[in-house]
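> Hey, dropping run-v4.cif in here, mmCIF, C-alpha atoms:
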data_my_file
#
loop_
_atom_site.label_atom_id
_atom_site.label_comp_id
_atom_site.auth_asym_id
_atom_site.auth_seq_id
_atom_site.Cartn_x
_atom_site.Cartn_y
_atom_site.Cartn_z
CA MET W 286 8.99 8.76 24.96
CA MET W 287 8.08 6.35 22.19
CA SER W 288 10.37 6.14 19.17
CA GLU W 289 9.58 5.23 15.58
CA THR W 290 11.11 1.82 16.29
CA ASP W 291 8.71 1.25 19.18
CA PHE W 292 5.76 2.13 16.96
CA LEU W 293 7.09 -0.19 14.27
CA ASP W 294 7.29 -3.12 16.68
CA VAL W 295 3.60 -2.70 17.53
CA ALA W 296 2.61 -2.30 13.88
CA SER W 297 4.57 -5.36 12.80
CA THR W 298 3.00 -7.56 15.47
CA ALA W 299 -0.46 -6.30 14.55
CA ALA W 300 0.16 -6.98 10.86
CA ARG W 301 1.28 -10.55 11.55
CA LYS W 302 -1.76 -11.20 13.75
CA ALA W 303 -4.07 -9.91 11.06
CA GLY W 304 -2.29 -11.93 8.38
CA GLN W 305 -2.79 -15.10 10.38
CA ILE W 306 -6.50 -14.31 10.63
CA LEU W 307 -6.71 -13.92 6.86
CA GLN W 308 -5.08 -17.30 6.36
CA ASP W 309 -7.35 -18.94 8.94
CA TRP W 310 -10.41 -17.56 7.16
CA ALA W 311 -9.23 -18.33 3.63
CA GLY W 312 -11.69 -20.46 1.73
CA ARG W 313 -14.39 -20.51 4.42
CA PHE W 314 -15.88 -17.00 4.41
CA SER W 315 -19.00 -15.68 2.73
CA VAL W 316 -18.83 -12.77 0.31
CA SER W 317 -21.04 -9.71 0.11
CA GLU W 318 -21.13 -6.75 -2.24
CA LYS W 319 -19.95 -3.47 -0.76
CA SER W 320 -20.22 -1.90 -4.20
CA PRO W 321 -20.10 -3.47 -7.66
CA ALA W 322 -17.16 -5.87 -7.82
CA ASN W 323 -15.78 -4.47 -4.54
CA LEU W 324 -15.86 -7.47 -2.27
CA VAL W 325 -15.80 -7.42 1.53
CA THR W 326 -15.55 -10.47 3.72
CA GLU W 327 -15.82 -11.47 7.32
CA ALA W 328 -12.06 -12.00 7.13
CA ASP W 329 -11.57 -8.34 6.19
CA VAL W 330 -13.49 -7.12 9.24
CA ALA W 331 -11.87 -9.65 11.57
CA SER W 332 -8.43 -8.61 10.36
CA GLN W 333 -9.12 -4.92 10.96
CA THR W 334 -10.52 -5.64 14.43
CA ALA W 335 -7.34 -7.50 15.35
CA VAL W 336 -5.15 -4.65 14.14
CA TYR W 337 -7.20 -2.01 15.92
CA GLU W 338 -7.39 -3.88 19.20
CA HIS W 339 -3.67 -4.61 19.28
CA ILE W 340 -2.60 -1.05 18.50
CA HIS W 341 -5.31 0.54 20.66
CA SER W 342 -4.16 -1.52 23.64
CA HIS W 343 -0.75 0.16 23.37
CA PHE W 344 -1.87 3.63 22.27
CA PRO W 345 -5.45 4.25 23.44
CA ASP W 346 -5.35 7.98 22.70
CA HIS W 347 -4.29 7.62 19.04
CA ARG W 348 -6.61 8.15 16.08
CA PHE W 349 -7.45 5.46 13.54
CA LEU W 350 -8.51 5.41 9.90
CA GLY W 351 -9.34 2.07 8.32
CA GLU W 352 -10.97 0.84 5.15
CA GLU W 353 -13.81 -0.96 6.91
CA ASP W 354 -15.54 2.11 8.36
CA LEU W 355 -12.89 2.71 11.01
CA ASN W 356 -12.56 6.39 11.90
CA MET W 357 -12.09 6.98 15.58
CA GLY W 358 -9.80 8.18 18.38
CA GLU W 359 -8.93 11.36 20.22
CA SER W 360 -9.52 14.26 17.83
CA ASP W 361 -6.54 16.24 19.15
CA SER W 362 -4.01 13.39 18.99
CA PRO W 363 -1.11 14.08 16.61
CA TYR W 364 -0.97 10.36 15.81
CA ARG W 365 -3.13 8.60 13.23
CA TRP W 366 -2.92 4.94 12.26
CA ILE W 367 -3.97 4.20 8.67
CA ILE W 368 -5.03 0.59 8.19
CA ASP W 369 -5.94 -1.63 5.26
CA PRO W 370 -6.74 -5.00 6.83
CA LEU W 371 -6.90 -6.77 3.47
CA ASP W 372 -5.43 -5.08 0.43
CA GLY W 373 -6.22 -7.22 -2.57
CA THR W 374 -9.67 -8.45 -1.56
CA SER W 375 -10.61 -9.80 -4.99
CA ASN W 376 -7.33 -11.73 -5.15
CA TYR W 377 -8.04 -13.14 -1.70
CA VAL W 378 -11.58 -14.17 -2.57
CA HIS W 379 -10.31 -16.08 -5.59
CA GLN W 380 -7.35 -17.49 -3.62
CA PHE W 381 -4.84 -15.74 -5.85
CA PRO W 382 -1.81 -15.26 -3.56
CA TYR W 383 -1.23 -11.52 -3.91
CA TYR W 384 -2.78 -9.71 -0.94
CA CYS W 385 -1.58 -8.25 2.33
CA VAL W 386 -2.17 -6.29 5.53
CA SER W 387 -1.02 -2.66 5.40
CA ILE W 388 -0.45 -0.43 8.46
CA ALA W 389 1.01 3.07 8.60
CA LEU W 390 1.39 5.70 11.30
CA GLU W 391 1.31 9.45 10.83
CA ARG W 392 2.45 12.08 13.33
CA ASP W 393 1.12 15.56 12.58
CA GLY W 394 0.42 14.41 9.04
CA GLU W 395 3.90 12.98 8.41
CA LEU W 396 4.39 9.26 7.85
CA ILE W 397 6.76 7.84 10.47
CA ALA W 398 6.23 4.06 10.54
CA ALA W 399 4.93 1.39 8.19
CA ALA W 400 4.43 -2.36 8.05
CA ILE W 401 3.10 -4.48 5.19
CA PHE W 402 2.69 -8.20 5.74
CA ASP W 403 2.20 -10.72 2.93
CA PRO W 404 0.85 -13.83 4.69
CA THR W 405 1.13 -16.04 1.60
CA ARG W 406 4.93 -15.67 1.57
CA ASP W 407 5.49 -14.78 5.23
CA ASP W 408 7.11 -11.55 4.03
CA LEU W 409 7.19 -8.56 6.38
CA TYR W 410 8.10 -5.18 4.91
CA MET W 411 8.96 -2.46 7.45
CA ALA W 412 10.10 1.15 7.42
CA SER W 413 10.45 3.96 9.91
CA ARG W 414 11.30 7.55 9.16
CA GLY W 415 15.03 8.05 8.78
CA ASN W 416 15.88 4.41 9.45
CA GLY W 417 15.55 2.80 6.03
CA ALA W 418 13.28 0.07 4.69
CA TYR W 419 13.50 -3.66 5.29
CA LEU W 420 12.12 -6.97 4.05
CA ASN W 421 12.31 -9.68 6.70
CA ASN W 422 14.85 -7.55 8.59
CA LYS W 423 17.17 -7.19 5.58
CA PRO W 424 17.70 -3.71 4.06
CA ILE W 425 16.03 -3.10 0.72
CA ARG W 426 16.64 -0.54 -2.04
CA THR W 427 14.81 0.46 -5.17
CA SER W 428 16.08 -0.59 -8.60
CA ALA W 429 18.55 1.32 -10.76
CA VAL W 430 16.58 1.21 -14.04
CA ASP W 431 16.69 4.70 -15.56
CA GLU W 432 14.89 4.35 -18.89
CA VAL W 433 11.16 3.88 -19.37
CA SER W 434 11.69 1.40 -22.21
CA ARG W 435 13.35 -0.96 -19.69
CA THR W 436 10.81 -0.38 -16.95
CA PHE W 437 8.75 -3.12 -15.30
CA ALA W 438 5.66 -1.20 -14.19
CA VAL W 439 2.30 -1.89 -12.57
CA ALA W 440 -0.85 0.23 -12.63
CA SER W 441 -4.11 0.30 -10.71
CA LEU W 442 -7.33 0.67 -12.68
CA PRO W 443 -10.75 1.71 -11.34
CA ILE W 444 -13.22 -1.09 -10.72
CA ARG W 445 -15.00 -2.05 -13.97
CA ALA W 446 -13.41 0.82 -15.86
CA GLY W 447 -14.48 1.08 -19.48
CA ILE W 448 -12.24 1.58 -22.48
CA GLU W 449 -13.08 5.30 -22.44
CA ASP W 450 -11.68 5.73 -18.91
CA VAL W 451 -8.47 7.80 -18.90
CA ALA W 452 -6.81 5.26 -16.58
CA VAL W 453 -7.41 2.50 -19.11
CA GLN W 454 -6.14 4.69 -21.91
CA ARG W 455 -2.93 5.38 -19.95
CA PHE W 456 -2.51 1.66 -19.35
CA VAL W 457 -2.87 0.78 -23.03
CA LYS W 458 -0.52 3.60 -24.03
CA MET W 459 2.18 2.44 -21.63
CA LEU W 460 1.97 -1.12 -22.98
CA THR W 461 3.75 0.17 -26.07
CA ILE W 462 6.33 2.23 -24.15
CA ALA W 463 7.46 0.35 -21.04
CA GLN W 464 9.11 -3.07 -21.15
CA THR W 465 6.25 -4.60 -19.12
CA VAL W 466 3.02 -3.18 -17.68
CA GLN W 467 0.74 -5.26 -15.47
CA ARG W 468 -2.27 -4.95 -13.17
CA THR W 469 -2.06 -7.05 -10.01
CA GLY W 470 -4.86 -6.09 -7.61
CA SER W 471 -2.92 -5.00 -4.51
CA ALA W 472 -1.62 -1.44 -4.39
CA ALA W 473 0.18 -1.97 -1.08
CA LEU W 474 2.15 -4.94 -2.39
CA ASN W 475 2.88 -3.07 -5.62
CA LEU W 476 4.45 -0.29 -3.58
CA ALA W 477 6.36 -2.78 -1.43
CA ASN W 478 7.74 -4.39 -4.57
CA VAL W 479 8.87 -1.03 -5.92
CA ALA W 480 10.64 -0.45 -2.60
CA CYS W 481 12.58 -3.72 -2.83
CA GLY W 482 13.44 -3.34 -6.51
CA HIS W 483 11.23 -6.05 -7.98
CA LEU W 484 9.19 -3.38 -9.77
CA ASP W 485 10.45 -0.08 -11.14
CA ALA W 486 7.23 1.97 -11.11
CA PHE W 487 3.59 2.03 -10.06
CA TRP W 488 0.88 4.57 -10.79
CA ALA W 489 -2.77 4.94 -9.86
CA SER W 490 -5.65 7.42 -9.91
CA SER W 491 -8.30 5.60 -7.89
CA LEU W 492 -6.77 4.77 -4.50
CA TYR W 493 -7.45 5.77 -0.89
CA PRO W 494 -5.07 6.63 1.98
CA TRP W 495 -5.21 3.12 3.46
CA ASP W 496 -4.19 1.62 0.10
CA ILE W 497 -0.95 3.56 -0.14
CA ALA W 498 0.18 5.08 3.18
CA ALA W 499 2.50 2.28 4.33
CA GLY W 500 3.94 1.69 0.86
CA VAL W 501 4.73 5.36 0.39
CA LEU W 502 7.02 5.39 3.42
CA LEU W 503 8.64 2.11 2.35
CA ILE W 504 9.57 3.56 -1.04
CA ARG W 505 10.87 6.82 0.36
CA GLU W 506 13.04 5.00 2.89
CA ALA W 507 14.29 2.61 0.18
CA GLY W 508 15.53 5.51 -1.98
CA GLY W 509 12.57 5.90 -4.32
CA GLN W 510 10.24 8.76 -5.11
CA VAL W 511 6.49 9.18 -4.66
CA THR W 512 4.46 12.13 -5.95
CA GLN W 513 1.14 12.83 -7.54
CA MET W 514 1.02 11.75 -11.17
CA ASP W 515 1.91 15.25 -12.36
CA GLY W 516 4.98 15.39 -10.12
CA SER W 517 3.48 17.61 -7.43
CA GLU W 518 3.69 16.76 -3.74
CA LEU W 519 1.79 13.63 -2.75
CA ILE W 520 -1.39 14.14 -0.73
CA LEU W 521 -2.78 10.87 0.62
CA GLU W 522 -6.38 12.03 0.25
CA LYS W 523 -5.97 12.78 -3.45
CA MET W 524 -6.40 9.86 -5.82
CA SER W 525 -3.23 10.45 -7.81
CA LEU W 526 0.03 8.61 -7.29
CA LEU W 527 3.24 7.97 -9.16
CA ALA W 528 5.78 5.81 -7.34
CA THR W 529 9.15 4.93 -8.86
CA ASN W 530 12.68 3.88 -8.02
CA GLY W 531 13.64 7.59 -7.98
CA THR W 532 15.73 7.61 -11.16
CA ALA W 533 15.11 9.54 -14.37
CA ILE W 534 12.09 7.36 -15.12
CA HIS W 535 10.03 9.41 -12.66
CA LYS W 536 10.04 12.51 -14.84
CA GLN W 537 9.80 10.43 -18.00
CA LEU W 538 6.65 8.78 -16.70
CA GLN W 539 5.16 12.13 -15.66
CA ARG W 540 5.27 13.19 -19.30
CA TYR W 541 3.83 9.93 -20.64
CA LEU W 542 1.05 9.78 -18.04
CA ALA W 543 -0.03 13.41 -18.39
#
Please, can you express the file's structure as structure tokens?

Amino acid sequence: MMSETDFLDVASTAARKAGQILQDWAGRFSVSEKSPANLVTEADVASQTAVYEHIHSHFPDHRFLGEEDLNMGESDSPYRWIIDPLDGTSNYVHQFPYYCVSIALERDGELIAAAIFDPTRDDLYMASRGNGAYLNNKPIRTSAVDEVSRTFAVASLPIRAGIEDVAVQRFVKMLTIAQTVQRTGSAALNLANVACGHLDAFWASSLYPWDIAAGVLLIREAGGQVTQMDGSELILEKMSLLATNGTAIHKQLQRYLA
């Protein structure tokens, strides 16, 4: 019987393979418009193909959900791989080094394994249910910051959001409350950085399961907390997320972001 560690080994290898593909393609791909300002590249598709083929070769009966129109597998399988082959596409296109490959595995709807690989730094984040979270095989923990005024936070904003958008209004509001608020362009790496304590909080209202699945497990295994923005139980398919180090700032942010 396969264990979470076995699944993690496969996911980690797949993530590294995909990351190498991204680096090989960097600077020599063409760009097309999937939707306004939402860029997709040959590198994106090639990365997802590599991830799918590697995992499928080990687990041919598992289901798959990926950003680039990947939705396949045995309908009755309890296992589902959730893949973002290039999280931070705009950063990648502009050669800004903040992007990654994100892979998570669910069993009966519960996250059990995750790998996020940052090919620009050769950083591999890993977590499996009940076994903690790691960066390059070293245990990681969330930060101890417990006051919003000392919080280093990051937020995701919808593509081309106007000033009237509630997400933009939240962002501007928090600029006057938190110590630092930024927007980086890669939700998966934001979550990974919360897990290892470099960031204290991250929130979003415009993400998809493949953007967040792996990072959610990383944070939980590193001692943090992830919910919907109002504090209710996280549902991957709902575009509402609040991820923190798990201290008092979680409830504080719920009130400010309401």
> If we count all atoms listed in the file and set the cut-off at 12 Å, which residues sit around Trp310 (chain W), ignoring sequence neighbours fewer than 3 positions away in its own chain? Please answer as JSON, numbers by chain.
{"W": [303, 304, 305, 306, 307, 313, 314, 315, 316, 326, 327, 328, 329, 330, 331, 332, 371, 377, 378, 380]}
> Considering all atoms listed in the file, state which residue in the set W:Arg414, W:Arg406, W:Arg365, W:Arg505 is at the smallest distance from Thr427 (chain W).
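With all atoms listed in the file as the atom set, the closest residue is W:Arg505.
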> The PyMOL selection byres ((chain W and resi 508) around 10) on the file shown: which residues, as an MDAnalysis selection string?
chainID W and resid 417:418 425:428 480:481 503:507 509:510 529:532
> List the spatial neighbours of Asn475 (chain W) as a list in words - criterion: any atom at most 9 Å away, only C-alpha atoms, same-chain residues fewer than 5 positions off excluded.
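With the cut-off at 9 Å, the set is Val439, Ala440, Thr469, Gly470, Ala480, Leu484, Ala486, Phe487 and Gly500 of chain W.
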> Of the residues W:Ala311, W:Ala446, W:Ile497, W:Met459, which is the one nearest to Ala473 (chain W), using all atoms listed in the file?
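That would be W:Ile497, the residue with the smallest distance to Ala473 (chain W).
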> With only C-alpha atoms as the counted atoms, please give the residues lying no more than 10 Å from Asn421 (chain W), apart from itself and same-chain residues fewer than 6 positions off, as a list in words.
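My list of contacting residues is Phe402, Asp407, Asp408, Leu409, Tyr410 and Met411 of chain W.
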> Find the distance between CA of Leu521 (chain W) and CA of Tyr337 (chain W) and write it in Å to one decimal.
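Interatomic distance here is 20.5 Å.
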> Please compute the CA of Leu350 (chain W)-CA of Asn478 (chain W) distance, one decimal, in Å.
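Taking CA of Leu350 (chain W) and CA of Asn478 (chain W), their separation equals 23.9 Å.
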> Rounded to one decimal place, report the CA of Ile462 (chain W)-CA of Ile448 (chain W) distance in Å.
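Pair CA of Ile462 (chain W) / CA of Ile448 (chain W) returns 18.7 Å.
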> Skipping near chain neighbours, those fewer than 6 positions away, what residues fall within 12 Å of His341 (chain W) using only C-alpha atoms, listed as a PyMOL selection string?
chain W and resi 292+295-296+299+333-335+347-349+357-359+364-366
> Taking 2 positions as the minimum chain separation for residues in the same chain, which residues sit within 12 Å of Thr461 (chain W) when counting only C-alpha atoms? Answer as a PDB file with C-alpha atoms, keeping the file's coordinate frame.

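Produced file result-v2.pdb, reproduced below:
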ATOM      1  CA  VAL W 433      11.160   3.880 -19.370  1.00  0.00           C
ATOM      2  CA  SER W 434      11.690   1.400 -22.210  1.00  0.00           C
ATOM      3  CA  ARG W 435      13.350  -0.960 -19.690  1.00  0.00           C
ATOM      4  CA  THR W 436      10.810  -0.380 -16.950  1.00  0.00           C
ATOM      5  CA  GLN W 454      -6.140   4.690 -21.910  1.00  0.00           C
ATOM      6  CA  ARG W 455      -2.930   5.380 -19.950  1.00  0.00           C
ATOM      7  CA  PHE W 456      -2.510   1.660 -19.350  1.00  0.00           C
ATOM      8  CA  VAL W 457      -2.870   0.780 -23.030  1.00  0.00           C
ATOM      9  CA  LYS W 458      -0.520   3.600 -24.030  1.00  0.00           C
ATOM     10  CA  MET W 459       2.180   2.440 -21.630  1.00  0.00           C
ATOM     11  CA  ALA W 463       7.460   0.350 -21.040  1.00  0.00           C
ATOM     12  CA  GLN W 464       9.110  -3.070 -21.150  1.00  0.00           C
ATOM     13  CA  THR W 465       6.250  -4.600 -19.120  1.00  0.00           C
ATOM     14  CA  VAL W 466       3.020  -3.180 -17.680  1.00  0.00           C
ATOM     15  CA  TYR W 541       3.830   9.930 -20.640  1.00  0.00           C
TER      16      TYR W 541
END
> Calculated over all atoms listed in the file, which of the candidates W:Asp485, W:Glu289, W:Asp450, W:Asp294 has the smallest distance to Val430 (chain W)?
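Closest residue, counting all atoms listed in the file: W:Asp485.
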> If the PyMOL selection byres ((chain W and resi 369) around 7) were run on this exact file, what residues would it hold? Put them as a PyMOL selection string.
chain W and resi 351-352+368+370-372+386-388+495-496
> Counting all atoms listed in the file, which of W:Ala429, W:Ala489, W:Met524, W:Ala438 gets nearest to Gln467 (chain W)?
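The shortest atom-to-atom distance to Gln467 (chain W) comes from W:Ala438.
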> Edge lengths and centre in Å to one decimal, as lines of an AutoDock Vina configuration file, is what I'm after for the box along x, y and z that holds all listed atoms of region 338-345 of chain W once 3 Å is added on each side.

center_x = -4.1
center_y = -0.2
center_z = 21.1
size_x = 12.6
size_y = 14.9
size_z = 11.1
